[in-house]
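Have a look at final_4.cif; it's mmCIF, N, CA and C atoms:
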```cif
data_my_file
loop_
_atom_site.label_atom_id
_atom_site.label_comp_id
_atom_site.auth_asym_id
_atom_site.auth_seq_id
_atom_site.Cartn_x
_atom_site.Cartn_y
_atom_site.Cartn_z
N MET A 16 -56.68 80.58 -3.72
CA MET A 16 -55.73 81.30 -2.91
C MET A 16 -55.61 80.62 -1.55
N PRO A 17 -54.41 80.25 -1.12
CA PRO A 17 -54.26 79.55 0.17
C PRO A 17 -54.53 80.47 1.34
N LYS A 18 -55.01 79.86 2.41
CA LYS A 18 -55.30 80.61 3.63
C LYS A 18 -53.99 80.92 4.36
N PRO A 19 -53.90 82.10 5.01
CA PRO A 19 -52.71 82.35 5.83
C PRO A 19 -52.72 81.42 7.04
N PRO A 20 -51.55 81.01 7.51
CA PRO A 20 -51.51 79.98 8.55
C PRO A 20 -51.86 80.47 9.95
N TYR A 21 -51.66 81.75 10.26
CA TYR A 21 -51.93 82.28 11.60
C TYR A 21 -51.23 81.45 12.67
N ARG A 22 -49.97 81.13 12.43
CA ARG A 22 -49.22 80.25 13.32
C ARG A 22 -49.12 80.81 14.75
N ALA A 23 -48.82 82.10 14.88
CA ALA A 23 -48.66 82.70 16.22
C ALA A 23 -49.99 82.65 16.98
N LEU A 24 -51.09 82.96 16.30
CA LEU A 24 -52.40 82.92 16.95
C LEU A 24 -52.76 81.49 17.37
N ARG A 25 -52.43 80.53 16.53
CA ARG A 25 -52.72 79.13 16.87
C ARG A 25 -51.95 78.71 18.11
N ILE A 26 -50.68 79.11 18.21
CA ILE A 26 -49.86 78.75 19.37
C ILE A 26 -50.41 79.40 20.63
N VAL A 27 -50.80 80.68 20.54
CA VAL A 27 -51.35 81.38 21.70
C VAL A 27 -52.65 80.72 22.15
N LEU A 28 -53.50 80.35 21.20
CA LEU A 28 -54.77 79.71 21.56
C LEU A 28 -54.55 78.34 22.19
N VAL A 29 -53.59 77.58 21.72
CA VAL A 29 -53.31 76.27 22.32
C VAL A 29 -52.76 76.46 23.74
N ILE A 30 -51.89 77.44 23.93
CA ILE A 30 -51.36 77.69 25.28
C ILE A 30 -52.49 78.07 26.23
N PHE A 31 -53.39 78.98 25.79
CA PHE A 31 -54.52 79.34 26.64
C PHE A 31 -55.44 78.16 26.88
N SER A 32 -55.60 77.30 25.89
CA SER A 32 -56.43 76.11 26.06
C SER A 32 -55.85 75.19 27.13
N LEU A 33 -54.54 74.97 27.09
CA LEU A 33 -53.91 74.11 28.09
C LEU A 33 -53.97 74.73 29.48
N LEU A 34 -53.75 76.05 29.57
CA LEU A 34 -53.82 76.71 30.88
C LEU A 34 -55.22 76.67 31.47
N THR A 35 -56.23 76.95 30.65
CA THR A 35 -57.59 76.92 31.19
C THR A 35 -58.02 75.50 31.55
N ALA A 36 -57.55 74.50 30.81
CA ALA A 36 -57.87 73.12 31.18
C ALA A 36 -57.22 72.76 32.51
N ALA A 37 -55.97 73.17 32.70
CA ALA A 37 -55.29 72.87 33.96
C ALA A 37 -55.97 73.55 35.14
N VAL A 38 -56.33 74.82 34.97
CA VAL A 38 -57.00 75.54 36.06
C VAL A 38 -58.40 74.96 36.31
N GLY A 39 -59.09 74.59 35.25
CA GLY A 39 -60.41 73.98 35.41
C GLY A 39 -60.35 72.67 36.17
N LEU A 40 -59.38 71.83 35.83
CA LEU A 40 -59.23 70.57 36.56
C LEU A 40 -58.81 70.82 38.01
N LEU A 41 -57.98 71.82 38.22
CA LEU A 41 -57.57 72.17 39.57
C LEU A 41 -58.77 72.64 40.40
N MET A 42 -59.64 73.41 39.79
CA MET A 42 -60.82 73.88 40.51
C MET A 42 -61.81 72.76 40.78
N ILE A 43 -61.91 71.82 39.87
CA ILE A 43 -62.86 70.72 40.06
C ILE A 43 -62.37 69.75 41.12
N PHE A 44 -61.10 69.37 41.05
CA PHE A 44 -60.60 68.33 41.94
C PHE A 44 -59.88 68.86 43.17
N GLY A 45 -59.71 70.16 43.28
CA GLY A 45 -59.03 70.74 44.44
C GLY A 45 -59.96 70.79 45.65
N GLY A 46 -59.41 70.53 46.80
CA GLY A 46 -60.18 70.57 48.03
C GLY A 46 -60.05 71.91 48.74
N LYS A 47 -60.53 71.94 49.95
CA LYS A 47 -60.51 73.18 50.72
C LYS A 47 -59.09 73.62 51.06
N ALA A 48 -58.21 72.68 51.37
CA ALA A 48 -56.83 73.04 51.72
C ALA A 48 -56.11 73.69 50.54
N LEU A 49 -56.34 73.18 49.34
CA LEU A 49 -55.71 73.76 48.16
C LEU A 49 -56.27 75.15 47.89
N MET A 50 -57.56 75.34 48.08
CA MET A 50 -58.16 76.65 47.84
C MET A 50 -57.66 77.68 48.86
N VAL A 51 -57.39 77.24 50.08
CA VAL A 51 -56.84 78.16 51.08
C VAL A 51 -55.46 78.65 50.62
N ARG A 52 -54.67 77.76 50.05
CA ARG A 52 -53.34 78.16 49.56
C ARG A 52 -53.44 79.05 48.33
N LEU A 53 -54.37 78.74 47.43
CA LEU A 53 -54.50 79.53 46.21
C LEU A 53 -55.02 80.94 46.48
N PHE A 54 -55.86 81.09 47.49
CA PHE A 54 -56.41 82.40 47.82
C PHE A 54 -55.56 83.15 48.84
N LEU A 55 -54.30 82.82 48.92
CA LEU A 55 -53.33 83.52 49.79
C LEU A 55 -53.73 83.49 51.26
N ARG A 56 -54.16 82.32 51.72
CA ARG A 56 -54.48 82.07 53.12
C ARG A 56 -55.51 83.04 53.71
N PRO A 57 -56.73 83.03 53.19
CA PRO A 57 -57.76 83.90 53.77
C PRO A 57 -58.23 83.32 55.10
N PRO A 58 -59.00 84.09 55.87
CA PRO A 58 -59.58 83.52 57.09
C PRO A 58 -60.45 82.31 56.76
N GLU A 59 -60.47 81.37 57.67
CA GLU A 59 -61.19 80.11 57.42
C GLU A 59 -62.68 80.34 57.15
N SER A 60 -63.25 81.39 57.75
CA SER A 60 -64.68 81.65 57.55
C SER A 60 -64.98 82.18 56.15
N GLU A 61 -63.98 82.65 55.43
CA GLU A 61 -64.21 83.17 54.08
C GLU A 61 -64.46 82.06 53.06
N LEU A 62 -63.98 80.85 53.31
CA LEU A 62 -64.17 79.73 52.39
C LEU A 62 -65.36 78.88 52.84
N SER A 63 -66.51 79.17 52.31
CA SER A 63 -67.70 78.43 52.70
C SER A 63 -67.93 77.27 51.74
N ILE A 64 -68.88 76.44 52.08
CA ILE A 64 -69.26 75.31 51.22
C ILE A 64 -69.82 75.83 49.90
N LEU A 65 -70.57 76.92 49.96
CA LEU A 65 -71.14 77.50 48.75
C LEU A 65 -70.05 77.99 47.80
N LEU A 66 -69.01 78.61 48.34
CA LEU A 66 -67.90 79.06 47.51
C LEU A 66 -67.19 77.89 46.86
N LEU A 67 -66.96 76.82 47.61
CA LEU A 67 -66.29 75.65 47.06
C LEU A 67 -67.14 74.99 45.96
N ALA A 68 -68.45 74.93 46.16
CA ALA A 68 -69.32 74.37 45.13
C ALA A 68 -69.33 75.25 43.88
N THR A 69 -69.32 76.56 44.07
CA THR A 69 -69.29 77.48 42.95
C THR A 69 -67.97 77.37 42.19
N LEU A 70 -66.87 77.18 42.92
CA LEU A 70 -65.58 77.00 42.26
C LEU A 70 -65.56 75.74 41.41
N LYS A 71 -66.21 74.69 41.85
CA LYS A 71 -66.26 73.46 41.06
C LYS A 71 -67.07 73.68 39.78
N GLU A 72 -68.16 74.44 39.86
CA GLU A 72 -68.93 74.74 38.66
C GLU A 72 -68.14 75.63 37.71
N MET A 73 -67.40 76.57 38.26
CA MET A 73 -66.57 77.43 37.41
C MET A 73 -65.46 76.61 36.74
N GLY A 74 -64.99 75.57 37.40
CA GLY A 74 -64.02 74.68 36.78
C GLY A 74 -64.59 73.99 35.56
N GLY A 75 -65.85 73.61 35.63
CA GLY A 75 -66.52 73.02 34.46
C GLY A 75 -66.65 74.02 33.32
N ILE A 76 -66.95 75.26 33.65
CA ILE A 76 -67.04 76.30 32.62
C ILE A 76 -65.67 76.54 32.00
N LEU A 77 -64.61 76.50 32.82
CA LEU A 77 -63.26 76.67 32.27
C LEU A 77 -62.88 75.51 31.36
N LEU A 78 -63.30 74.30 31.68
CA LEU A 78 -63.04 73.18 30.78
C LEU A 78 -63.76 73.36 29.45
N MET A 79 -64.98 73.90 29.50
CA MET A 79 -65.71 74.18 28.27
C MET A 79 -64.98 75.25 27.45
N LEU A 80 -64.50 76.30 28.11
CA LEU A 80 -63.73 77.34 27.43
C LEU A 80 -62.46 76.77 26.83
N SER A 81 -61.83 75.84 27.53
CA SER A 81 -60.62 75.21 27.02
C SER A 81 -60.89 74.47 25.72
N LEU A 82 -62.00 73.76 25.65
CA LEU A 82 -62.35 73.07 24.41
C LEU A 82 -62.64 74.06 23.28
N LEU A 83 -63.34 75.14 23.59
CA LEU A 83 -63.61 76.15 22.57
C LEU A 83 -62.31 76.74 22.02
N LEU A 84 -61.36 77.03 22.90
CA LEU A 84 -60.09 77.59 22.46
C LEU A 84 -59.29 76.57 21.65
N PHE A 85 -59.37 75.31 22.04
CA PHE A 85 -58.66 74.28 21.27
C PHE A 85 -59.25 74.15 19.87
N PHE A 86 -60.57 74.15 19.77
CA PHE A 86 -61.20 74.05 18.45
C PHE A 86 -60.93 75.29 17.61
N ALA A 87 -60.87 76.44 18.25
CA ALA A 87 -60.56 77.67 17.52
C ALA A 87 -59.11 77.68 17.05
N SER A 88 -58.22 77.03 17.78
CA SER A 88 -56.81 77.01 17.38
C SER A 88 -56.59 76.18 16.13
N ARG A 89 -57.48 75.26 15.85
CA ARG A 89 -57.31 74.41 14.67
C ARG A 89 -57.52 75.19 13.37
N ASP A 90 -58.46 76.15 13.38
CA ASP A 90 -58.69 76.99 12.20
C ASP A 90 -59.20 78.36 12.67
N PRO A 91 -58.28 79.27 13.01
CA PRO A 91 -58.69 80.57 13.56
C PRO A 91 -59.50 81.42 12.60
N ALA A 92 -59.28 81.28 11.30
CA ALA A 92 -60.02 82.11 10.34
C ALA A 92 -61.51 81.76 10.32
N ARG A 93 -61.84 80.52 10.49
CA ARG A 93 -63.26 80.12 10.52
C ARG A 93 -63.89 80.33 11.89
N ASN A 94 -63.09 80.37 12.94
CA ASN A 94 -63.60 80.52 14.30
C ASN A 94 -63.22 81.87 14.89
N VAL A 95 -63.28 82.91 14.09
CA VAL A 95 -62.88 84.24 14.55
C VAL A 95 -63.83 84.75 15.63
N ALA A 96 -65.05 84.26 15.66
CA ALA A 96 -65.99 84.69 16.71
C ALA A 96 -65.52 84.24 18.09
N ILE A 97 -64.91 83.07 18.18
CA ILE A 97 -64.39 82.59 19.46
C ILE A 97 -63.22 83.46 19.90
N VAL A 98 -62.36 83.83 18.96
CA VAL A 98 -61.23 84.70 19.28
C VAL A 98 -61.74 86.08 19.72
N ASP A 99 -62.75 86.60 19.03
CA ASP A 99 -63.33 87.89 19.42
C ASP A 99 -63.98 87.82 20.80
N ALA A 100 -64.64 86.71 21.10
CA ALA A 100 -65.25 86.55 22.42
C ALA A 100 -64.19 86.47 23.51
N LEU A 101 -63.06 85.83 23.21
CA LEU A 101 -61.96 85.77 24.17
C LEU A 101 -61.40 87.17 24.43
N ILE A 102 -61.26 87.96 23.39
CA ILE A 102 -60.76 89.33 23.54
C ILE A 102 -61.72 90.15 24.38
N ALA A 103 -63.01 90.06 24.08
CA ALA A 103 -64.02 90.82 24.84
C ALA A 103 -64.07 90.34 26.29
N GLY A 104 -63.97 89.04 26.50
CA GLY A 104 -63.97 88.50 27.86
C GLY A 104 -62.77 88.96 28.67
N LEU A 105 -61.61 89.02 28.04
CA LEU A 105 -60.42 89.51 28.74
C LEU A 105 -60.55 90.99 29.11
N CYS A 106 -61.19 91.76 28.24
CA CYS A 106 -61.41 93.18 28.56
C CYS A 106 -62.37 93.33 29.74
N VAL A 107 -63.43 92.54 29.75
CA VAL A 107 -64.36 92.60 30.87
C VAL A 107 -63.67 92.14 32.16
N LEU A 108 -62.88 91.07 32.06
CA LEU A 108 -62.17 90.57 33.23
C LEU A 108 -61.05 91.49 33.69
N ALA A 109 -60.66 92.43 32.87
CA ALA A 109 -59.67 93.42 33.29
C ALA A 109 -60.31 94.50 34.15
N PHE A 110 -61.57 94.82 33.89
CA PHE A 110 -62.22 95.92 34.60
C PHE A 110 -63.02 95.49 35.83
N THR A 111 -63.52 94.26 35.87
CA THR A 111 -64.31 93.85 37.03
C THR A 111 -63.52 93.77 38.33
N PRO A 112 -62.26 93.30 38.34
CA PRO A 112 -61.53 93.34 39.62
C PRO A 112 -61.26 94.76 40.10
N LEU A 113 -61.05 95.68 39.15
CA LEU A 113 -60.86 97.08 39.54
C LEU A 113 -62.12 97.66 40.13
N LEU A 114 -63.27 97.25 39.60
CA LEU A 114 -64.54 97.70 40.17
C LEU A 114 -64.73 97.15 41.58
N SER A 115 -64.40 95.88 41.77
CA SER A 115 -64.54 95.31 43.11
C SER A 115 -63.48 95.84 44.07
N LEU A 116 -62.38 96.33 43.55
CA LEU A 116 -61.36 96.95 44.39
C LEU A 116 -61.91 98.21 45.07
N TYR A 117 -62.77 98.92 44.37
CA TYR A 117 -63.30 100.17 44.91
C TYR A 117 -64.70 100.05 45.50
N THR A 118 -65.40 98.94 45.26
CA THR A 118 -66.74 98.79 45.81
C THR A 118 -66.81 97.78 46.95
N VAL A 119 -65.91 96.81 46.98
CA VAL A 119 -65.90 95.76 48.00
C VAL A 119 -64.55 95.84 48.71
N ASP A 120 -64.52 95.44 49.95
CA ASP A 120 -63.27 95.47 50.70
C ASP A 120 -62.42 94.25 50.34
N ILE A 121 -61.88 94.26 49.12
CA ILE A 121 -61.08 93.14 48.65
C ILE A 121 -59.60 93.30 49.01
N ARG A 122 -59.24 94.48 49.50
CA ARG A 122 -57.84 94.71 49.88
C ARG A 122 -57.42 93.84 51.06
N ALA A 123 -58.39 93.33 51.80
CA ALA A 123 -58.06 92.43 52.90
C ALA A 123 -57.55 91.08 52.38
N LEU A 124 -57.96 90.71 51.16
CA LEU A 124 -57.54 89.43 50.59
C LEU A 124 -56.36 89.58 49.63
N TYR A 125 -56.37 90.63 48.82
CA TYR A 125 -55.32 90.84 47.81
C TYR A 125 -54.80 92.26 47.89
N PRO A 126 -53.50 92.46 47.70
CA PRO A 126 -52.98 93.82 47.63
C PRO A 126 -53.44 94.50 46.33
N ALA A 127 -53.58 95.81 46.37
CA ALA A 127 -54.10 96.54 45.21
C ALA A 127 -53.16 96.43 44.02
N TYR A 128 -51.85 96.38 44.26
CA TYR A 128 -50.93 96.31 43.11
C TYR A 128 -51.07 95.00 42.35
N MET A 129 -51.46 93.91 43.03
CA MET A 129 -51.68 92.64 42.34
C MET A 129 -52.92 92.72 41.45
N ILE A 130 -53.95 93.38 41.94
CA ILE A 130 -55.17 93.51 41.15
C ILE A 130 -54.92 94.38 39.93
N TRP A 131 -54.22 95.50 40.10
CA TRP A 131 -53.90 96.37 38.98
C TRP A 131 -52.98 95.65 37.98
N GLY A 132 -52.01 94.94 38.47
CA GLY A 132 -51.09 94.23 37.58
C GLY A 132 -51.79 93.16 36.77
N ARG A 133 -52.67 92.42 37.41
CA ARG A 133 -53.42 91.38 36.71
C ARG A 133 -54.34 91.98 35.66
N SER A 134 -54.94 93.12 35.96
CA SER A 134 -55.82 93.78 34.98
C SER A 134 -55.02 94.29 33.79
N LEU A 135 -53.86 94.88 34.05
CA LEU A 135 -53.03 95.36 32.94
C LEU A 135 -52.51 94.21 32.09
N LEU A 136 -52.19 93.09 32.72
CA LEU A 136 -51.74 91.91 31.98
C LEU A 136 -52.86 91.38 31.08
N ARG A 137 -54.08 91.35 31.59
CA ARG A 137 -55.21 90.89 30.78
C ARG A 137 -55.45 91.82 29.59
N LEU A 138 -55.34 93.13 29.80
CA LEU A 138 -55.50 94.06 28.69
C LEU A 138 -54.38 93.89 27.66
N ALA A 139 -53.17 93.62 28.11
CA ALA A 139 -52.06 93.41 27.18
C ALA A 139 -52.28 92.14 26.35
N VAL A 140 -52.75 91.07 26.98
CA VAL A 140 -53.02 89.84 26.25
C VAL A 140 -54.16 90.06 25.25
N ALA A 141 -55.18 90.81 25.64
CA ALA A 141 -56.27 91.12 24.71
C ALA A 141 -55.77 91.92 23.53
N ALA A 142 -54.84 92.85 23.75
CA ALA A 142 -54.29 93.64 22.66
C ALA A 142 -53.47 92.75 21.71
N VAL A 143 -52.71 91.81 22.25
CA VAL A 143 -51.93 90.90 21.40
C VAL A 143 -52.87 90.02 20.58
N LEU A 144 -53.92 89.50 21.20
CA LEU A 144 -54.88 88.68 20.46
C LEU A 144 -55.60 89.50 19.39
N PHE A 145 -55.91 90.75 19.69
CA PHE A 145 -56.55 91.60 18.70
C PHE A 145 -55.62 91.85 17.52
N TYR A 146 -54.35 92.01 17.79
CA TYR A 146 -53.37 92.20 16.72
C TYR A 146 -53.22 90.93 15.87
N LEU A 147 -53.30 89.76 16.48
CA LEU A 147 -53.09 88.50 15.77
C LEU A 147 -54.35 87.94 15.11
N ARG A 148 -55.51 88.46 15.45
CA ARG A 148 -56.75 87.86 14.94
C ARG A 148 -56.88 88.01 13.43
N PRO A 149 -57.59 87.09 12.78
CA PRO A 149 -57.79 87.19 11.32
C PRO A 149 -58.62 88.42 10.98
N ARG A 150 -58.22 89.12 9.92
CA ARG A 150 -58.88 90.36 9.54
C ARG A 150 -59.86 90.18 8.39
N GLU A 151 -59.49 89.43 7.38
CA GLU A 151 -60.32 89.35 6.18
C GLU A 151 -61.48 88.39 6.39
N ALA A 152 -62.53 88.62 5.62
CA ALA A 152 -63.70 87.73 5.66
C ALA A 152 -63.32 86.41 5.03
N PHE A 153 -63.81 85.32 5.58
CA PHE A 153 -63.46 83.99 5.09
C PHE A 153 -64.57 83.49 4.17
N GLY A 154 -64.27 83.25 2.93
CA GLY A 154 -65.20 82.63 2.00
C GLY A 154 -66.22 83.57 1.40
N GLY A 155 -66.56 84.66 2.03
CA GLY A 155 -67.51 85.61 1.49
C GLY A 155 -68.94 85.10 1.45
N GLU A 156 -69.36 84.27 2.42
CA GLU A 156 -70.71 83.72 2.41
C GLU A 156 -71.76 84.80 2.70
N PHE A 157 -71.41 85.77 3.52
CA PHE A 157 -72.40 86.76 3.91
C PHE A 157 -72.15 88.00 3.13
#
```
Once you've parsed the file, please lay out its structure as structure tokens.
Amino acid sequence: MPKPPYRALRIVLVIFSLLTAAVGLLMIFGGKALMVRLFLRPPESELSILLLATLKEMGGILLMLSLLLFFASRDPARNVAIVDALIAGLCVLAFTPLLSLYTVDIRALYPAYMIWGRSLLRLAVAAVLFYLRPREAFGGEF
């Protein structure tokens, strides 16, 4: 019996792979001036050397995620765990900014509607990925 192609899921995973690779490279090779523009011009004291070093490490993690998504796009039925981890990660990333909105004074850097909008967008993308993910067991090994 042939495997279903999961064409829409493959396209979504490749798009996310390209976006995370671009953001990862931007974080690795971007300097302080670029980070000031990306963070909506925060006060100069908010961008420390430690934050810039942490952003470069996060860029490396995003490049690793980009490779995982690319490999999962090649055969989503065999790599359903990566798709599930992406869905769970998007759900966690939808709630953590809302938590910091109410526990940390983040309104000085970002308006609340942007944080809420970004969280709702992440939940919507997670719902689409959950709808597109492979349902049946592959091969029946377990």
Could you give me the residues within stretch 40-151 of chain A that DSSP places in alpha helix (DSSP H), as number ranges by chain? A: 40-44, 47-53, 64-89, 95-118, 127-147
Contact residues around A:Leu144 with only C-alpha atoms at 8 Å, ignoring same-chain residues under 5 positions, as a ChimeraX atom specification: /A:24,98,102
Write out the residues from the selection above, keeping N, CA and C atoms, as a JSON list (two decimals), in the coordinates of the input.
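Wrote it out as again_33.json, contents follow:
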```
[["chain", "number", "residue", "atom", "x", "y", "z"],
["A", 24, "LEU", "N", -51.09, 82.96, 16.30],
["A", 24, "LEU", "CA", -52.40, 82.92, 16.95],
["A", 24, "LEU", "C", -52.76, 81.49, 17.37],
["A", 98, "VAL", "N", -62.36, 83.83, 18.96],
["A", 98, "VAL", "CA", -61.23, 84.70, 19.28],
["A", 98, "VAL", "C", -61.74, 86.08, 19.72],
["A", 102, "ILE", "N", -61.26, 87.96, 23.39],
["A", 102, "ILE", "CA", -60.76, 89.33, 23.54],
["A", 102, "ILE", "C", -61.72, 90.15, 24.38]]
```
Which residues are close to A:Leu28, i.e. within 10 Å by only C-alpha atoms, leaving aside same-chain residues fewer than 5 positions away? Reply as a PyMOL selection string. chain A and resi 22-23+33-34+81+83-89+91+98+101+144
Quick one: residues within 8 Å of stretch 58-64 of chain A, all atoms listed in the file counted, chain neighbours fewer than 4 positions away excluded, as an MDAnalysis selection string? chainID A and resid 47 50:51 54 68:70 123:124
Excluding A:Gly104 and its own-chain neighbours fewer than 6 positions away, which residues fall within 8 Å of it when counting only N, CA and C atoms? Please give them as an MDAnalysis selection string. chainID A and resid 98 110 137 141
Of the candidates A:Arg148, A:Ala100, A:Leu67, A:Leu78, which one gets nearest to A:Val38 if we count all atoms listed in the file? A:Leu78
Nearest residue to A:Ile76 from the set A:Gly39, A:Leu114, A:Leu147, A:Ile121 (distances using all atoms listed in the file):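 Checking each candidate against A:Ile76, we get A:Gly39 as the closest.
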Within 8 Å of stretch 126-136 of chain A, which residues of stretch 44-110 of chain A come that close, and what is the closest atom pair and distance in Å for each? Count all atoms listed in the file and give it as CSV.
```
residue,atom,partner,partner_atom,distance
A:Leu105,C,A:Leu136,C,7.9
A:Leu108,C,A:Ser134,CA,5.9
A:Ala109,CA,A:Ser134,CA,4.2
A:Phe110,N,A:Ser134,CA,5.9
```
Might I get the box with edges along x, y and z of the file that holds all atoms of stretch 116-131 of chain A listed there, padded by 3 Å on every side, given as centre and edge lengths in Å to one decimal, as lines of an AutoDock Vina configuration file?
```
center_x = -58.9
center_y = 94.8
center_z = 45.4
size_x = 21.9
size_y = 16.7
size_z = 20.9
```
Of the listed residues A:Val107, A:Leu113, A:Val29, A:Ile43, that which approaches A:Glu72 most closely, counting all atoms listed in the file: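 Checking each candidate against A:Glu72, we get A:Ile43 as the closest.
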Point-to-point distance from atom N of A:Ala139 to atom N of A:Cys106, Å rounded to tenths: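 Computing the Euclidean distance for atom N of A:Ala139 and atom N of A:Cys106 yields 8.2 Å.
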What separates atom CA of A:Pro112 and atom CA of A:Arg56 is a distance of 18.9 Å
One-decimal distance in Å that lies between atom CA of A:Arg150 and atom CA of A:Ala92: 8.4 Å
